[in-house]
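Asker: Here it is: the structure, laid out below.
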Amino acid sequence: MDISIGPLLIQALNAIQYGLLLFLIASGLTLIFGVMGVINIAHGSFYMMGAYFAFTLTGLTGNFFIAVFIGAVLSVVVGLFLEWALFSHLYKRNHLEQVLLSYGLILIFEEIRSVTVGDSVHSVPIPSWLNFSIPLGEIMTYPFYRIFISLVCIVIAIALYILINKTRVGSMIRAGASNSGMAEILGVNIKIVNRLVFSLGVGLAAFAGMINAPASAVAPGMGMEVLIVSFVVVVIGGIGSVWGALFAAMVIAFADTFGSVFFPQVASMLTYIIMALVLLWRPDGLFKR
Amino acid sequence: MSEVLLKAIEVTKRFGGLTANQDVSLEVYRGKTHAILGPNGAGKSTLINMLSGDLSVTSGAVILGDTDVTNRTPNQRSLMGIGRSYQKTNIFPEFTVLENCRLAAQSRDPRASAIFTNAQKHKAYLAHAERAISETGLSGYENRIASELSHGEQRQLELAIVLSTQPTVLLLDEPLAGMGSEESAQMIALLKKLVKTHGILLVEHDMEAVFSIADIITVMVNGTVVMTDLPEAVRASAEVQQAYFGH
Amino acid sequence: MKPMTRNTYVYILWAVFFIALLLFPLLQLDFYSEMVSRIVILTLFAVSLDLLVGYTGLVSFGHAAWFGVGAYGFAILSTKYQVADSLWVTLPVSLIAAAVLSCIVGFFVLRTRGIYFIMVTLAFAQVFYFLVHDVPAIGGSTDGMNLYGRPTMNIAGWDVIDLENPLSMYYFILAGLFVSLIFLWAFLRSPLGRAIQGIKANEHRMLSVGFPVFKYKLIAFIVSSVLAAFAGYLFAVQSYGVNPELLSWHKSADALLMLILGGMGHLYGGIIGAFALVLLKELFMAYTDWWQMWLGTTIVLLVLFLPGGLVSVPHRLKTLLGRVS
C-alpha cells in the first residue's frame, strides 16, 4: 500500500502546485475581465516576464529572494505604465480591438525578450537552503522547493482573499466587478481601481512566473502555453470570480496531472473536454457574478 | 363574448432571495386594452418579460390561446402571435426605418434557403413593412437611418417593428415614454384603432392616457396584484390611492 | 444602404482588382505569381472570417482551425491514406468535414458570447492544433506532411484542368476566390444573410421578433468555416505540403489582423487586409531583424488610431479636410 501511495501523492502535490500557479495567473485575468471588461491576451507574457526577471535578476544580485522582490516591484511598475499608456484607452473599445492590441504587445514583448536575453532556454537555480528533498513513504522523495511554491501561493491566495473581502480597496474592486457604472456614481474612483486591478493582475502573473522559475525552464513560448489554459480556467470559473478561478484551476490541474498518468493519449484534451461540458451546462462559468 | 388571447396564471418570479412577482394572474382579451399600473419597482416589467419569454417563470403558467407557452423561447412566442415592444428602445440603429420593419416582417416567412434572392426586394416583406410604417405615422421616413430619428420617432419605430410581425397580442412596455403631447395623442389614437383587431397589454405611467384607453386595469404593488377592475373602480379605490400615494 | 454612386465605385474597384489579377501572370514574374496566389488564398481566409466577425458580430480567435481542416483533409486523403487524389472527391470531403466539425464545435461555442466566445474559440482551435501535432493516425507530426501531387480534375478520362501547371493553379485559385465572393455576395443579400446582419445589429431584438438566433449563428459559423477550409485546401494543394503551424493561434490572430487592417463588414476589406498584412510582413522582415517589434508596434498604433482599417482612411481624410477648409 505504501508503494502505490507514493506516486499518487507525488502527482497530487504536483497538481496542487500547478493548480495554485494557474490560480495566480487566472485570478489576475478574471479580475481584469470582470472589473474592466478588457480581454488581454498578453497576460501570458507577464508570466514569462516574471520568469525572465527571476533569471536575470538572480544572475545580477546572486540572491533569488532579492531578485523576486525587485522583480515584483518592477512588474507592478510595468503594469501601472501599461495601464496608463495603453489599456486605459481600451475600456470603451470593442473586444476585437482589445485582442489585437494585446496581440501587438505580445509581439513587442517577444522581441524585447529576444533582444535582451536571447532565445535559448535558461534555468534559475533553486536557493540552496530550499534545495532538498523530503521523503514520502519509504522509497520516494519530493523536492521541497515545489512544496515551498505551493505554500507561498497559498499565502498569496489568503492575502488576496483578505484584500478583496476585508479591505476598503477590495470592496471597491468588488463593486467595480459587479457594476462599474454604479460604483462610479457611488463615488468610487474607478480610474484608480482600474489601475490597481490591472497592476495587481500583472503582479500576480509575474510573481507566478518568478516563483516557479527555479522549478521549470525559462523559455520562449512559455507565456502562451499558460495563457490558453488560464483562459479555460476563467471560462470554467466565470468571469470576475476569483474563487471560481481557484476552483477551476484545481480541477484543471488535477485533471491534467492525473490524466497524463492514467490516460496519456487524451491528457491534453481533458482540459478542453471539461471546458466543453461546462459550456453545455453553464456557458457563463460556474461562479459568474 | 371576448376571446382570451393571453393568460398569466399565478406567475411568480424569484431572483435568489428577491421576489419580483408573486402569484400574478391576468387575462388579455381580443378587442380590449388591459393596462398595468403600479409604482416603480412593482414588478411590471418583470411580468411583461415573463409573458414575452425574455425571462423564465419560477412558477406559474403563461397560456397563449389554448397553448401553454411557459417554456417557450421569445422567438417561438413571437411566431405564435405575441408582439412585444420595449421600454428601452430596441431597434436596429444602423438600418433604415424600412429595413427595420422589413427584417421584422421577414420573421414570418424566413425563407432561409432562398440563397439567391434579394431579401430587400421581396414584395411580401415590403408590403407588411410599409403597412406598419404607415400605421405608426412614419410614412416618408422609410429611408432614414433609425439612429438619426428623434426619440419620439424611434418609439414609433419600436411599435412599427412589432406590427410588422402581425401579432395577435401586443405587449407594450411604456410606448409613450419620452413622447411629446402631439406624438402621444397620435400614439393613443393608434392604440385605440389597433385594439379593435388585437388584444393589448399596456404598461404605462401616463395616467391620462391609461384612463382614456384602458378597458381593464390591473394595479400592481411590490410584485403582487392589488386589484384588477374597470377604470372607474380603480380610480375610486382607496386601496389604490394608498398604494400609490401612501408611499 | 449606401447611395448608388458609392456602390458603382466599389464595383469598378472589384473589376479592376480581378482584371489586374487575371492579367498579372502575363508579366512573367513567376516568383511573384506564387506570392500573389498565397495572398489570394489569404484573402479568402480573411473574407470567410469577415462573415463571422464583420457581418454576424462574432469575434472568433480560432479560425485557423478550419483552414487546417481543409488543408489536412486533402493531405490525409491524398497522401497519408492515398484514398483519392481527385479534386472531385477530396474537395467535397474536406468541405463536408469542415461543415460537420464546425457544426459540432459551434454547438458548444455559440452558447457563449463576448470575451467568453473569444476564449473558447481559441481553446477549441488549440484542440485541433494538438490533434495535427500529436496524432500520427491523421498525419500528425511536428513537421507536417509533404504532399506528392496536386489533385486531378479528370472527367471520363479527360483532364479538365491540370493543376500541376503553375498557371492553371494560379487561375484555379483566382476562380476559387471569385466563386466564393459571388456566393458571399448572394448569401449576404438573401433573407438568411440579412437576418445574420440583423443579429449583429441587435441580437435581442431578432430573438424577440421571432428569429431562431442560435440556429442562424450556427449556420453563419458553419458557412464561414467551410469557406476557410476551402482556402486551406487551396493552400495545401498549391504548397505541396501541410504543417501544424497552419492551425496555430498566430494564424488565427493574422486573420483578425487582416480584418482590422482592411476594415470589417465590407467584403473588399479582406482583400485590402490580406495584401496589407503580407506587404507589411515582407517589408519588416526585409529591412530589420526586429520585425516582430515593428509589426507589434504597428498593430498597437493601428488599433489606437485607425481601428476602422485602411478602408476608413478616405472617410477620415474627408472629415479632416472638411475641418481644415
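Just remember, in the C-alpha cells the first chain shown is A, the second B, etc., residues are 1-based per chain, and ligands are 1-based in the order shown.
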If we count only C-alpha atoms, what is near Leu77 (chain C) at a cut-off of 7 Å, once residues fewer than 6 positions away on the same chain are taken out, given as an MDAnalysis selection string?
Answerer: chainID C and resid 83:84 90
Asker: Find the residues of chain C in contact range of chain B, meaning any atom within 10 Å when counting only C-alpha atoms, and list them as a PyMOL selection string.
Answerer: chain C and resi 1+183-195+197-213+216
Asker: Produce a file of the selected residues containing N, CA and C atoms, as an mmCIF file, in the first residue's frame.
Answerer:
data_model
loop_
_atom_site.group_PDB
_atom_site.id
_atom_site.type_symbol
_atom_site.label_atom_id
_atom_site.label_comp_id
_atom_site.auth_asym_id
_atom_site.auth_seq_id
_atom_site.Cartn_x
_atom_site.Cartn_y
_atom_site.Cartn_z
ATOM 1 N N MET C 1 -27.272 50.472 -46.307
ATOM 2 C CA MET C 1 -27.901 51.059 -47.513
ATOM 3 C C MET C 1 -27.047 52.218 -48.011
ATOM 4 N N PHE C 183 -20.650 33.884 -54.079
ATOM 5 C CA PHE C 183 -21.511 33.188 -53.136
ATOM 6 C C PHE C 183 -21.803 34.065 -51.928
ATOM 7 N N LEU C 184 -20.749 34.676 -51.377
ATOM 8 C CA LEU C 184 -20.939 35.515 -50.195
ATOM 9 C C LEU C 184 -21.832 36.719 -50.493
ATOM 10 N N TRP C 185 -21.620 37.299 -51.642
ATOM 11 C CA TRP C 185 -22.452 38.450 -52.027
ATOM 12 C C TRP C 185 -23.919 38.043 -52.058
ATOM 13 N N ALA C 186 -24.186 36.886 -52.699
ATOM 14 C CA ALA C 186 -25.567 36.420 -52.774
ATOM 15 C C ALA C 186 -26.100 36.093 -51.386
ATOM 16 N N PHE C 187 -25.257 35.397 -50.601
ATOM 17 C CA PHE C 187 -25.666 34.984 -49.268
ATOM 18 C C PHE C 187 -26.041 36.177 -48.403
ATOM 19 N N LEU C 188 -25.213 37.239 -48.477
ATOM 20 C CA LEU C 188 -25.435 38.380 -47.606
ATOM 21 C C LEU C 188 -26.681 39.163 -47.964
ATOM 22 N N ARG C 189 -27.130 39.076 -49.225
ATOM 23 C CA ARG C 189 -28.344 39.835 -49.539
ATOM 24 C C ARG C 189 -29.585 38.949 -49.494
ATOM 25 N N SER C 190 -29.378 37.650 -49.231
ATOM 26 C CA SER C 190 -30.521 36.741 -49.128
ATOM 27 C C SER C 190 -31.197 36.953 -47.771
ATOM 28 N N PRO C 191 -32.397 36.391 -47.586
ATOM 29 C CA PRO C 191 -33.063 36.547 -46.284
ATOM 30 C C PRO C 191 -32.186 36.096 -45.130
ATOM 31 N N LEU C 192 -31.523 34.956 -45.284
ATOM 32 C CA LEU C 192 -30.676 34.451 -44.208
ATOM 33 C C LEU C 192 -29.533 35.427 -43.924
ATOM 34 N N GLY C 193 -28.935 35.930 -44.995
ATOM 35 C CA GLY C 193 -27.831 36.875 -44.843
ATOM 36 C C GLY C 193 -28.262 38.156 -44.138
ATOM 37 N N ARG C 194 -29.422 38.661 -44.494
ATOM 38 C CA ARG C 194 -29.913 39.881 -43.844
ATOM 39 C C ARG C 194 -30.217 39.601 -42.388
ATOM 40 N N ALA C 195 -30.751 38.431 -42.112
ATOM 41 C CA ALA C 195 -31.057 38.092 -40.722
ATOM 42 C C ALA C 195 -29.777 38.031 -39.898
ATOM 43 N N GLN C 197 -27.060 39.664 -40.395
ATOM 44 C CA GLN C 197 -26.612 41.023 -40.129
ATOM 45 C C GLN C 197 -27.498 41.684 -39.087
ATOM 46 N N GLY C 198 -28.759 41.291 -39.070
ATOM 47 C CA GLY C 198 -29.652 41.793 -38.030
ATOM 48 C C GLY C 198 -29.204 41.323 -36.666
ATOM 49 N N ILE C 199 -28.676 40.104 -36.612
ATOM 50 C CA ILE C 199 -28.197 39.565 -35.335
ATOM 51 C C ILE C 199 -27.044 40.402 -34.828
ATOM 52 N N LYS C 200 -26.166 40.819 -35.727
ATOM 53 C CA LYS C 200 -25.059 41.669 -35.287
ATOM 54 C C LYS C 200 -25.584 43.034 -34.825
ATOM 55 N N ALA C 201 -26.610 43.531 -35.513
ATOM 56 C CA ALA C 201 -27.127 44.857 -35.176
ATOM 57 C C ALA C 201 -27.853 44.847 -33.838
ATOM 58 N N ASN C 202 -28.645 43.845 -33.587
ATOM 59 C CA ASN C 202 -29.382 43.773 -32.329
ATOM 60 C C ASN C 202 -29.913 42.365 -32.122
ATOM 61 N N GLU C 203 -29.089 41.533 -31.491
ATOM 62 C CA GLU C 203 -29.427 40.127 -31.353
ATOM 63 C C GLU C 203 -30.717 39.924 -30.556
ATOM 64 N N HIS C 204 -30.858 40.700 -29.494
ATOM 65 C CA HIS C 204 -32.022 40.545 -28.636
ATOM 66 C C HIS C 204 -33.312 40.821 -29.400
ATOM 67 N N ARG C 205 -33.275 41.867 -30.219
ATOM 68 C CA ARG C 205 -34.464 42.222 -30.998
ATOM 69 C C ARG C 205 -34.802 41.120 -31.989
ATOM 70 N N MET C 206 -33.780 40.549 -32.597
ATOM 71 C CA MET C 206 -34.009 39.494 -33.570
ATOM 72 C C MET C 206 -34.721 38.317 -32.907
ATOM 73 N N LEU C 207 -34.296 38.004 -31.705
ATOM 74 C CA LEU C 207 -34.940 36.902 -30.991
ATOM 75 C C LEU C 207 -36.389 37.270 -30.698
ATOM 76 N N SER C 208 -36.580 38.505 -30.279
ATOM 77 C CA SER C 208 -37.904 38.911 -29.863
ATOM 78 C C SER C 208 -38.884 39.052 -31.024
ATOM 79 N N VAL C 209 -38.398 39.273 -32.247
ATOM 80 C CA VAL C 209 -39.339 39.315 -33.367
ATOM 81 C C VAL C 209 -39.506 37.971 -34.047
ATOM 82 N N GLY C 210 -38.890 36.938 -33.498
ATOM 83 C CA GLY C 210 -39.236 35.613 -33.977
ATOM 84 C C GLY C 210 -38.172 34.845 -34.740
ATOM 85 N N PHE C 211 -36.938 35.323 -34.756
ATOM 86 C CA PHE C 211 -35.911 34.579 -35.477
ATOM 87 C C PHE C 211 -35.217 33.571 -34.574
ATOM 88 N N PRO C 212 -34.899 32.391 -35.121
ATOM 89 C CA PRO C 212 -34.167 31.393 -34.335
ATOM 90 C C PRO C 212 -32.688 31.753 -34.321
ATOM 91 N N VAL C 213 -32.315 32.632 -33.420
ATOM 92 C CA VAL C 213 -30.991 33.252 -33.455
ATOM 93 C C VAL C 213 -29.851 32.238 -33.344
ATOM 94 N N TYR C 216 -29.325 30.437 -36.615
ATOM 95 C CA TYR C 216 -28.723 31.278 -37.650
ATOM 96 C C TYR C 216 -27.244 31.531 -37.382
#
Asker: Using only C-alpha atoms, which chain C residues lie at most 10 Å away from chain A, written as number ranges by chain?
Answerer: C: 53, 58-61, 105, 107-120, 122-124, 126-128, 130-131, 134-135, 249-250, 253-254, 256-257, 259-260, 289-304, 307-308
Asker: Between C:Phe235, C:Tyr55, C:Tyr268, C:Tyr81, which is the closest to Phe221 (chain C) once you count only C-alpha atoms?
Answerer: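 Closest to Phe221 (chain C), using only C-alpha atoms: C:Tyr55.
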Asker: Excluding same-chain residues fewer than 6 positions from region 203-207 of chain A, what lies within 9 Å of it counting only C-alpha atoms, as a list of chain:residue names?
Answerer: A:Leu21, A:Leu22, A:Leu24, A:Ile25, A:Ala26, A:Ser27, A:Gly28, A:Leu29, A:His43, A:Gly44, A:Ser45, A:Phe46, A:Tyr47, A:Met48, A:Met49, A:Gly50, A:Ala51, A:Phe53, A:Val68, A:Gly71, A:Ala72, A:Val73, A:Leu74, A:Ser75, A:Val76, A:Val77, A:Val78, A:Gly79, A:Ile156
Asker: For a quick check of understanding, using only C-alpha atoms, which of B:Glu142, B:Ser181, B:Ser147, B:Glu135 has the smallest distance to Leu159 (chain B)?
Answerer: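 Using only C-alpha atoms, Leu159 (chain B) sits closest to B:Glu135.
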Asker: Quick one, how far is CA of Met153 (chain C) from CA of Trp88 (chain C)?
Answerer: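 Computed distance, CA of Met153 (chain C) to CA of Trp88 (chain C), equals 6.8 Å.
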Asker: Report the distance between CA of Glu183 (chain B) and CA of Ser45 (chain B) in Å, rounded to one decimal place.
Answerer: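 It comes out at 23.1 Å.
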Asker: So which residues touch His266 (chain C) within 9 Å, counting only C-alpha atoms, skipping near sequence neighbours fewer than 3 positions away, as a PyMOL selection string?
Answerer: chain C and resi 47+50+54-55+262-263+269-270+311
Asker: Tell me, as number ranges by chain, which residues lie within 7 Å of His34 (chain B), counting only C-alpha atoms; anything in the same chain fewer than 2 positions away does not count.
Answerer: B: 28, 32, 36, 200-202, 214-217
Asker: Could you turn the residues from that selection into a file that holds N, CA and C atoms, as a PDB file, in the first residue's frame?
Answerer:
ATOM      1  N   VAL B  28     -55.629  38.785 -21.137  1.00  0.00           N
ATOM      2  CA  VAL B  28     -55.700  39.795 -22.189  1.00  0.00           C
ATOM      3  C   VAL B  28     -56.751  39.335 -23.194  1.00  0.00           C
ATOM      4  N   LYS B  32     -59.803  44.295 -26.295  1.00  0.00           N
ATOM      5  CA  LYS B  32     -59.733  45.065 -25.053  1.00  0.00           C
ATOM      6  C   LYS B  32     -58.301  45.482 -24.755  1.00  0.00           C
ATOM      7  N   ILE B  36     -51.566  47.919 -17.036  1.00  0.00           N
ATOM      8  CA  ILE B  36     -50.979  47.604 -15.728  1.00  0.00           C
ATOM      9  C   ILE B  36     -50.420  48.885 -15.138  1.00  0.00           C
ATOM     10  N   ILE B 200     -54.493  44.017 -26.273  1.00  0.00           N
ATOM     11  CA  ILE B 200     -53.342  44.828 -25.872  1.00  0.00           C
ATOM     12  C   ILE B 200     -53.135  44.751 -24.368  1.00  0.00           C
ATOM     13  N   LEU B 201     -51.874  44.524 -23.982  1.00  0.00           N
ATOM     14  CA  LEU B 201     -51.470  44.641 -22.586  1.00  0.00           C
ATOM     15  C   LEU B 201     -50.509  45.805 -22.523  1.00  0.00           C
ATOM     16  N   LEU B 202     -50.801  46.741 -21.651  1.00  0.00           N
ATOM     17  CA  LEU B 202     -50.081  48.009 -21.689  1.00  0.00           C
ATOM     18  C   LEU B 202     -49.522  48.361 -20.327  1.00  0.00           C
ATOM     19  N   ALA B 214     -57.781  52.395 -21.488  1.00  0.00           N
ATOM     20  CA  ALA B 214     -57.877  51.073 -20.873  1.00  0.00           C
ATOM     21  C   ALA B 214     -59.312  50.629 -20.682  1.00  0.00           C
ATOM     22  N   ASP B 215     -59.522  49.341 -20.957  1.00  0.00           N
ATOM     23  CA  ASP B 215     -60.822  48.742 -20.658  1.00  0.00           C
ATOM     24  C   ASP B 215     -60.774  48.055 -19.302  1.00  0.00           C
ATOM     25  N   ILE B 216     -59.605  47.539 -18.989  1.00  0.00           N
ATOM     26  CA  ILE B 216     -59.400  46.897 -17.678  1.00  0.00           C
ATOM     27  C   ILE B 216     -58.075  47.393 -17.133  1.00  0.00           C
ATOM     28  N   ILE B 217     -57.992  47.558 -15.827  1.00  0.00           N
ATOM     29  CA  ILE B 217     -56.728  47.983 -15.222  1.00  0.00           C
ATOM     30  C   ILE B 217     -56.356  47.019 -14.103  1.00  0.00           C
TER      31      ILE B 217
END
Asker: Per DSSP on the backbone, filter region 60-273 of chain A down to the residues in strand (DSSP E or B) and report them as a list in words.
Answerer: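 Going through region 60-273 of chain A, the strand (DSSP E or B) residues come out as His122, Ser133, Ile134, Pro135, Leu136, Met140, Thr141, Tyr142, Pro143 and Val218 of chain A.
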